[in-house]
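**Q** Handing over query.tsv, TSV, C-alpha atoms.
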chain	number	residue	atom	x	y	z
M	133	MET	CA	73.66	131.76	-8.73
M	134	SER	CA	72.28	128.33	-9.46
M	135	THR	CA	69.52	126.72	-7.42
M	136	ASN	CA	71.86	123.96	-6.21
M	137	ILE	CA	74.24	126.52	-4.72
M	138	LEU	CA	71.33	128.35	-3.10
M	139	ASP	CA	69.96	125.22	-1.48
M	140	SER	CA	73.30	123.67	-0.47
M	141	GLY	CA	73.61	125.87	2.62
M	142	LEU	CA	70.07	125.08	3.75
M	143	LYS	CA	70.69	121.38	3.13
M	144	LYS	CA	73.87	121.51	5.25
M	145	LEU	CA	72.02	123.26	8.08
M	146	GLU	CA	69.26	120.65	8.01
M	147	GLU	CA	71.70	117.72	7.91
M	148	ASP	CA	73.80	119.18	10.74
M	149	TYR	CA	70.69	119.80	12.85
M	150	ILE	CA	69.37	116.27	12.44
M	151	ARG	CA	72.83	114.81	13.07
M	152	ALA	CA	73.17	116.80	16.30
M	153	LEU	CA	69.75	115.62	17.46
M	154	ASN	CA	70.69	112.01	16.71
M	155	LEU	CA	73.92	112.41	18.66
M	156	ASN	CA	72.05	113.74	21.71
M	157	GLU	CA	71.64	110.48	23.64
M	158	SER	CA	70.32	112.05	26.83
M	159	SER	CA	68.01	109.81	28.82
M	160	THR	CA	65.99	112.57	30.51
M	161	ILE	CA	64.30	115.69	29.17
M	162	GLU	CA	66.34	117.80	31.58
M	163	GLU	CA	69.60	116.43	30.15
M	164	PHE	CA	68.29	116.60	26.59
M	165	ILE	CA	67.31	120.28	26.89
M	166	GLN	CA	70.62	121.22	28.50
M	167	THR	CA	72.62	119.40	25.81
M	168	PHE	CA	70.41	120.89	23.10
M	169	LEU	CA	71.00	124.42	24.41
M	170	TYR	CA	74.79	124.05	24.70
M	171	ASP	CA	74.94	122.36	21.27
M	172	SER	CA	72.84	125.20	19.82
M	173	TRP	CA	75.13	127.90	21.20
M	174	ASP	CA	78.23	126.10	19.90
M	175	TYR	CA	76.79	125.37	16.46
M	176	ASN	CA	75.39	128.86	15.92
M	177	GLU	CA	78.62	130.49	17.01
M	178	GLN	CA	80.68	128.30	14.66
M	179	ASN	CA	78.27	128.59	11.72
M	180	MET	CA	76.84	132.10	12.01
M	181	GLU	CA	78.14	133.08	8.57
M	182	LEU	CA	76.38	130.15	6.90
M	183	ILE	CA	73.17	130.74	8.88
M	184	ALA	CA	73.18	134.45	8.02
M	185	SER	CA	73.82	133.62	4.37
M	186	VAL	CA	70.91	131.16	4.18
M	187	MET	CA	68.54	133.50	6.01
M	188	GLY	CA	69.63	136.40	3.80
M	189	ARG	CA	68.95	134.41	0.66
M	190	TYR	CA	65.58	133.38	2.04
M	191	SER	CA	64.65	136.99	2.87
M	192	ARG	CA	65.67	138.04	-0.66
M	193	LYS	CA	63.48	135.20	-2.01
M	194	GLU	CA	66.49	133.42	-3.51
M	195	ILE	CA	65.38	130.40	-1.48
M	196	ASN	CA	61.63	130.10	-1.79
M	197	GLN	CA	59.18	129.19	0.95
M	198	THR	CA	58.36	125.86	-0.72
M	199	THR	CA	61.99	124.85	-0.18
M	200	PHE	CA	62.64	126.53	3.17
M	201	GLY	CA	59.36	125.59	4.88
M	202	PRO	CA	59.60	121.82	4.38
M	203	SER	CA	63.25	121.83	5.47
M	204	PHE	CA	62.37	123.68	8.65
M	205	ASP	CA	59.42	121.33	9.22
M	206	ARG	CA	61.69	118.28	8.91
M	207	MET	CA	64.02	119.71	11.54
M	208	VAL	CA	61.20	120.57	13.96
M	209	ASN	CA	59.48	117.22	13.40
M	210	HIS	CA	62.72	115.36	14.08
M	211	LEU	CA	63.15	117.34	17.29
M	212	GLN	CA	59.53	116.57	18.23
M	213	GLY	CA	60.18	112.85	17.75
M	214	LYS	CA	63.32	112.93	19.88
M	215	LEU	CA	61.60	114.88	22.66
M	216	SER	CA	58.64	112.48	22.68
M	217	LYS	CA	60.91	109.43	22.92
M	218	VAL	CA	62.93	110.88	25.77
M	219	ASP	CA	59.77	111.90	27.67
M	220	SER	CA	58.20	108.46	27.49
M	221	GLN	CA	56.54	108.99	30.89
M	222	HIS	CA	54.80	112.17	29.67
M	223	ASP	CA	56.24	114.28	32.49
M	224	TYR	CA	56.19	117.29	30.16
M	225	PRO	CA	52.73	117.36	28.52
M	226	MET	CA	53.51	120.15	26.06
M	227	ILE	CA	56.18	117.96	24.42
M	228	HIS	CA	53.42	115.66	23.20
M	229	SER	CA	51.41	118.44	21.58
M	230	LYS	CA	51.94	120.14	18.24
M	231	MET	CA	53.63	123.05	20.03
M	232	GLY	CA	56.25	121.08	21.98
M	233	ALA	CA	59.23	121.32	19.65
M	234	SER	CA	58.11	124.72	18.34
M	235	ILE	CA	58.38	126.20	21.83
M	236	LEU	CA	61.97	125.01	22.16
M	237	VAL	CA	62.93	126.10	18.64
M	238	SER	CA	61.41	129.57	19.03
M	239	PHE	CA	63.12	130.00	22.39
M	240	VAL	CA	66.56	129.08	21.02
M	241	ASP	CA	66.13	130.94	17.74
M	242	GLY	CA	65.03	134.07	19.57
M	243	LEU	CA	68.17	134.00	21.69
M	244	VAL	CA	70.36	133.30	18.65
M	245	ILE	CA	68.88	136.34	16.90
M	246	GLN	CA	69.72	138.38	20.01
M	247	TYR	CA	73.28	136.98	19.88
M	248	PHE	CA	73.45	137.94	16.20
M	249	ALA	CA	72.22	141.45	17.10
M	250	GLY	CA	74.82	141.79	19.85
M	251	VAL	CA	72.40	141.67	22.80
M	252	TYR	CA	74.08	138.55	24.24
M	253	SER	CA	77.48	137.01	23.74
M	254	MET	CA	77.77	133.23	23.48
M	255	GLY	CA	79.61	133.32	26.80
M	256	GLU	CA	76.60	134.99	28.39
M	257	LEU	CA	74.23	132.45	26.85
M	258	ARG	CA	76.37	129.58	28.13
M	259	LYS	CA	76.41	131.12	31.61
M	260	LEU	CA	72.61	131.58	31.50
M	261	THR	CA	71.98	128.05	30.23
M	262	PRO	CA	70.93	126.52	33.59
M	263	GLN	CA	68.33	129.28	34.03
M	264	LEU	CA	67.27	129.06	30.38
M	265	LYS	CA	66.87	125.29	30.73
M	266	ARG	CA	64.53	125.79	33.70
M	267	SER	CA	62.50	128.30	31.68
M	268	VAL	CA	62.11	125.85	28.79
M	269	LEU	CA	61.22	123.00	31.13
M	270	ASN	CA	58.61	125.20	32.79
M	271	ALA	CA	57.06	125.99	29.40
M	272	LEU	CA	57.06	122.31	28.41
M	273	SER	CA	55.37	121.31	31.66
M	274	ILE	CA	52.14	123.12	30.75
M	275	SER	CA	49.23	120.75	30.54
M	276	ASP	CA	47.46	120.12	27.27
M	277	GLU	CA	44.28	121.19	29.09
M	278	GLU	CA	45.14	124.67	27.87
M	279	GLY	CA	43.85	123.60	24.46
M	280	TYR	CA	47.12	123.31	22.52
Rewrite the coordinates I just gave you, this time as structure tokens.
**A**
Amino acid sequence: MSTNILDSGLKKLEEDYIRALNLNESSTIEEFIQTFLYDSWDYNEQNMELIASVMGRYSRKEINQTTFGPSFDRMVNHLQGKLSKVDSQHDYPMIHSKMGASILVSFVDGLVIQYFAGVYSMGELRKLTPQLKRSVLNALSISDEEGY
């Protein structure tokens, strides 16, 4: 396989992710997180084959870390920027730390892996979304006094 073919899937995932964030016009963090969660479930369900293909190529070192890492960083940084803009009143201190977007990404990615492994169905994740949203909001409300 050529490098362009290997990176085309990762490029599509990155472009789709940034496009979805740009389309999320929520005016509050609560709305933003809820929309982000529902969008994540829908996207991952519709694109699981592509995601699995990209992650498989990465694990086989067909996509190297110097390509994958910066792409992932761009996605997380874009999310961080969106979260910070929406939380202009700093109601959720963790959003404005280095860990803010990472907490949300790790939360969603962990649940997507569990979906992929058959622990949850997308229907179950959608049904749990109000509770999951509260969990994320609770994590993001932690004060920066914790040293993050």
**Q** Which distance in Å separates atom CA of M:Ala271 and atom CA of M:Met226, to one decimal?
**A**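 Distance reported for this atom pair: 7.6 Å.
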**Q** For stretch 173-200 of chain M against stretch 146-163 of chain M, with a cut-off of 12 Å and counting all atoms listed in the file, what is the closest atom pair and its distance in Å to one decimal for every residue that makes the cut, ordered by chain and number, as a Markdown table?
**A**
| residue | atom | partner | partner_atom | distance |
| --- | --- | --- | --- | --- |
| M:Asp174 | CA | M:Ala152 | CA | 11.2 |
| M:Tyr175 | CA | M:Asp148 | CA | 8.9 |
| M:Asn176 | CA | M:Tyr149 | CA | 10.7 |
| M:Asn179 | CA | M:Asp148 | CA | 10.5 |
| M:Leu182 | CA | M:Asp148 | CA | 11.9 |
| M:Ile183 | CA | M:Glu146 | CA | 10.9 |
| M:Val186 | CA | M:Glu146 | CA | 11.3 |
| M:Thr199 | CA | M:Glu146 | CA | 11.7 |
| M:Phe200 | CA | M:Glu146 | CA | 10.1 |
**Q** Under the rule that only C-alpha atoms are counted, which of M:Leu142, M:Ala233, M:Ile165, M:Val244 is the nearest residue to M:Asn196?
**A**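 Residue with the minimum atom-to-atom distance to M:Asn196: M:Leu142.
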**Q** Which value, in Å to one decimal, gives the distance between atom CA of M:Ser275 and atom CA of M:Leu211?
**A**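 Answer for the atom CA of M:Ser275 to atom CA of M:Leu211 separation: 19.5 Å.
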**Q** Hey, what's within 12 Å of M:Lys265 if we count only C-alpha atoms and toss same-chain stuff fewer than 5 positions away? As a PDB file with C-alpha atoms, in the coordinates of the input, please?
**A**
ATOM      1  CA  ILE M 161      64.300 115.690  29.170  1.00  0.00           C
ATOM      2  CA  GLU M 162      66.340 117.800  31.580  1.00  0.00           C
ATOM      3  CA  GLU M 163      69.600 116.430  30.150  1.00  0.00           C
ATOM      4  CA  PHE M 164      68.290 116.600  26.590  1.00  0.00           C
ATOM      5  CA  ILE M 165      67.310 120.280  26.890  1.00  0.00           C
ATOM      6  CA  GLN M 166      70.620 121.220  28.500  1.00  0.00           C
ATOM      7  CA  THR M 167      72.620 119.400  25.810  1.00  0.00           C
ATOM      8  CA  PHE M 168      70.410 120.890  23.100  1.00  0.00           C
ATOM      9  CA  LEU M 169      71.000 124.420  24.410  1.00  0.00           C
ATOM     10  CA  TYR M 170      74.790 124.050  24.700  1.00  0.00           C
ATOM     11  CA  LEU M 236      61.970 125.010  22.160  1.00  0.00           C
ATOM     12  CA  PHE M 239      63.120 130.000  22.390  1.00  0.00           C
ATOM     13  CA  VAL M 240      66.560 129.080  21.020  1.00  0.00           C
ATOM     14  CA  LEU M 257      74.230 132.450  26.850  1.00  0.00           C
ATOM     15  CA  ARG M 258      76.370 129.580  28.130  1.00  0.00           C
ATOM     16  CA  LYS M 259      76.410 131.120  31.610  1.00  0.00           C
ATOM     17  CA  LEU M 260      72.610 131.580  31.500  1.00  0.00           C
ATOM     18  CA  ASN M 270      58.610 125.200  32.790  1.00  0.00           C
ATOM     19  CA  ALA M 271      57.060 125.990  29.400  1.00  0.00           C
ATOM     20  CA  LEU M 272      57.060 122.310  28.410  1.00  0.00           C
TER      21      LEU M 272
END
**Q** Rounded to one decimal, what separation in Å do you get between atom CA of M:Trp173 and atom CA of M:Val268?
**A** 15.2 Å
**Q** Taking into account all atoms listed in the file, which residue in the set M:Ser185, M:Ser253, M:Ser234, M:Ser191 is nearest to M:His210?
**A**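 Of M:Ser185, M:Ser253, M:Ser234, M:Ser191, the one nearest M:His210, counting all atoms listed in the file, is M:Ser234.
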**Q** Tell me which protein, DNA and RNA residues are within 8 Å of M:Asp223, counting only C-alpha atoms, leaving out same-chain ones fewer than 3 positions away, and put them as a PDB file with C-alpha atoms, in the frame of the given file.
**A**
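So the final result, stored in around-v2.pdb, reads:
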ATOM      1  CA  ASP M 219      59.770 111.900  27.670  1.00  0.00           C
ATOM      2  CA  SER M 220      58.200 108.460  27.490  1.00  0.00           C
ATOM      3  CA  SER M 273      55.370 121.310  31.660  1.00  0.00           C
TER       4      SER M 273
END
**Q** Would you please work out which residue, of M:Arg192, M:Phe248, M:Phe204, M:Lys230, is nearest to M:Glu177 when using all atoms listed in the file?
**A** M:Phe248
**Q** My list of candidates is M:Lys193, M:Arg266, M:His228, M:Lys143. Which is closest to M:Ser216 when distances are computed with only C-alpha atoms?
**A**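 Using only C-alpha atoms, the shortest distance to M:Ser216 belongs to M:His228.
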**Q** Determine the nearest neighbour of M:Gly141 from the options M:Ser203, M:Gln197, M:Lys217, M:Glu256, counting only C-alpha atoms.
**A**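 Among the listed residues, the smallest separation from M:Gly141 belongs to M:Ser203.
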**Q** For N, CA and C atoms, please extract stretch 179-229 of chain M from the block and return it as a short mmCIF file (atom, residue, chain, number, x, y, z; two decimals), in the first residue's frame.
**A**
data_model
loop_
_atom_site.label_atom_id
_atom_site.label_comp_id
_atom_site.auth_asym_id
_atom_site.auth_seq_id
_atom_site.Cartn_x
_atom_site.Cartn_y
_atom_site.Cartn_z
N ASN M 179 -19.20 4.91 10.92
CA ASN M 179 -17.85 4.86 10.36
C ASN M 179 -16.93 3.88 11.08
N MET M 180 -17.51 2.90 11.77
CA MET M 180 -16.70 1.97 12.56
C MET M 180 -15.68 1.23 11.70
N GLU M 181 -16.06 0.88 10.48
CA GLU M 181 -15.13 0.15 9.61
C GLU M 181 -13.89 1.01 9.30
N LEU M 182 -14.10 2.27 8.97
CA LEU M 182 -12.99 3.17 8.69
C LEU M 182 -12.13 3.38 9.93
N ILE M 183 -12.76 3.60 11.07
CA ILE M 183 -12.03 3.81 12.33
C ILE M 183 -11.20 2.58 12.67
N ALA M 184 -11.80 1.41 12.56
CA ALA M 184 -11.09 0.17 12.85
C ALA M 184 -9.92 -0.03 11.88
N SER M 185 -10.13 0.34 10.62
CA SER M 185 -9.07 0.21 9.63
C SER M 185 -7.89 1.12 9.96
N VAL M 186 -8.18 2.37 10.28
CA VAL M 186 -7.11 3.32 10.62
C VAL M 186 -6.37 2.86 11.88
N MET M 187 -7.12 2.48 12.91
CA MET M 187 -6.48 2.05 14.16
C MET M 187 -5.67 0.77 13.94
N GLY M 188 -6.17 -0.12 13.10
CA GLY M 188 -5.43 -1.35 12.78
C GLY M 188 -4.12 -1.04 12.08
N ARG M 189 -4.18 -0.13 11.12
CA ARG M 189 -2.95 0.25 10.41
C ARG M 189 -1.97 0.93 11.36
N TYR M 190 -2.50 1.73 12.27
CA TYR M 190 -1.62 2.38 13.25
C TYR M 190 -0.97 1.33 14.16
N SER M 191 -1.75 0.37 14.63
CA SER M 191 -1.19 -0.65 15.53
C SER M 191 -0.18 -1.55 14.82
N ARG M 192 -0.32 -1.69 13.50
CA ARG M 192 0.65 -2.47 12.72
C ARG M 192 1.81 -1.61 12.23
N LYS M 193 1.82 -0.35 12.67
CA LYS M 193 2.87 0.62 12.32
C LYS M 193 2.88 0.96 10.83
N GLU M 194 1.73 0.80 10.18
CA GLU M 194 1.61 1.23 8.79
C GLU M 194 1.33 2.73 8.72
N ILE M 195 0.80 3.28 9.81
CA ILE M 195 0.69 4.72 10.01
C ILE M 195 1.58 4.99 11.21
N ASN M 196 2.60 5.82 11.01
CA ASN M 196 3.54 6.01 12.12
C ASN M 196 3.06 7.07 13.10
N GLN M 197 3.67 7.07 14.27
CA GLN M 197 3.28 7.97 15.35
C GLN M 197 3.47 9.43 14.94
N THR M 198 4.47 9.72 14.11
CA THR M 198 4.71 11.10 13.70
C THR M 198 3.62 11.62 12.75
N THR M 199 2.82 10.74 12.21
CA THR M 199 1.65 11.12 11.42
C THR M 199 0.40 11.11 12.29
N PHE M 200 0.23 10.04 13.05
CA PHE M 200 -0.98 9.87 13.85
C PHE M 200 -1.05 10.87 15.00
N GLY M 201 0.04 11.05 15.72
CA GLY M 201 0.07 11.94 16.89
C GLY M 201 -0.34 13.36 16.56
N PRO M 202 0.28 14.00 15.57
CA PRO M 202 -0.12 15.37 15.23
C PRO M 202 -1.58 15.49 14.77
N SER M 203 -2.08 14.49 14.06
CA SER M 203 -3.47 14.51 13.63
C SER M 203 -4.39 14.47 14.85
N PHE M 204 -4.09 13.59 15.77
CA PHE M 204 -4.89 13.48 16.99
C PHE M 204 -4.80 14.79 17.79
N ASP M 205 -3.60 15.36 17.88
CA ASP M 205 -3.41 16.63 18.58
C ASP M 205 -4.26 17.74 17.97
N ARG M 206 -4.30 17.81 16.63
CA ARG M 206 -5.11 18.84 15.98
C ARG M 206 -6.58 18.69 16.33
N MET M 207 -7.06 17.46 16.39
CA MET M 207 -8.46 17.23 16.74
C MET M 207 -8.73 17.65 18.18
N VAL M 208 -7.87 17.25 19.11
CA VAL M 208 -8.06 17.58 20.52
C VAL M 208 -7.92 19.08 20.73
N ASN M 209 -6.96 19.70 20.07
CA ASN M 209 -6.77 21.15 20.21
C ASN M 209 -7.96 21.93 19.68
N HIS M 210 -8.55 21.45 18.58
CA HIS M 210 -9.73 22.11 18.03
C HIS M 210 -10.90 21.99 19.02
N LEU M 211 -11.05 20.81 19.59
CA LEU M 211 -12.08 20.62 20.61
C LEU M 211 -11.83 21.54 21.80
N GLN M 212 -10.59 21.64 22.24
CA GLN M 212 -10.24 22.50 23.37
C GLN M 212 -10.64 23.96 23.07
N GLY M 213 -10.36 24.40 21.86
CA GLY M 213 -10.73 25.76 21.48
C GLY M 213 -12.22 25.99 21.50
N LYS M 214 -12.97 25.02 20.97
CA LYS M 214 -14.43 25.14 20.97
C LYS M 214 -14.98 25.16 22.39
N LEU M 215 -14.49 24.24 23.23
CA LEU M 215 -14.96 24.20 24.62
C LEU M 215 -14.67 25.52 25.33
N SER M 216 -13.48 26.06 25.15
CA SER M 216 -13.10 27.31 25.81
C SER M 216 -13.98 28.47 25.38
N LYS M 217 -14.31 28.52 24.08
CA LYS M 217 -15.18 29.60 23.58
C LYS M 217 -16.58 29.49 24.16
N VAL M 218 -17.10 28.28 24.21
CA VAL M 218 -18.46 28.10 24.72
C VAL M 218 -18.52 28.40 26.22
N ASP M 219 -17.47 28.05 26.94
CA ASP M 219 -17.44 28.31 28.40
C ASP M 219 -16.72 29.63 28.69
N SER M 220 -17.20 30.68 28.08
CA SER M 220 -16.54 31.98 28.23
C SER M 220 -16.61 32.51 29.67
N GLN M 221 -17.55 32.03 30.45
CA GLN M 221 -17.68 32.46 31.85
C GLN M 221 -16.83 31.63 32.81
N HIS M 222 -16.14 30.64 32.29
CA HIS M 222 -15.28 29.75 33.09
C HIS M 222 -16.06 29.02 34.19
N ASP M 223 -17.27 28.58 33.83
CA ASP M 223 -18.07 27.79 34.77
C ASP M 223 -17.50 26.39 34.98
N TYR M 224 -16.73 25.92 34.04
CA TYR M 224 -16.12 24.59 34.09
C TYR M 224 -14.60 24.74 34.02
N PRO M 225 -13.95 24.91 35.17
CA PRO M 225 -12.52 25.23 35.21
C PRO M 225 -11.63 24.25 34.44
N MET M 226 -11.95 22.98 34.47
CA MET M 226 -11.08 22.00 33.83
C MET M 226 -11.00 22.21 32.31
N ILE M 227 -12.04 22.79 31.73
CA ILE M 227 -12.04 23.07 30.29
C ILE M 227 -10.87 23.96 29.91
N HIS M 228 -10.48 24.84 30.82
CA HIS M 228 -9.46 25.84 30.52
C HIS M 228 -8.06 25.38 30.91
N SER M 229 -7.94 24.10 31.23
CA SER M 229 -6.63 23.51 31.53
C SER M 229 -6.22 22.62 30.36
#
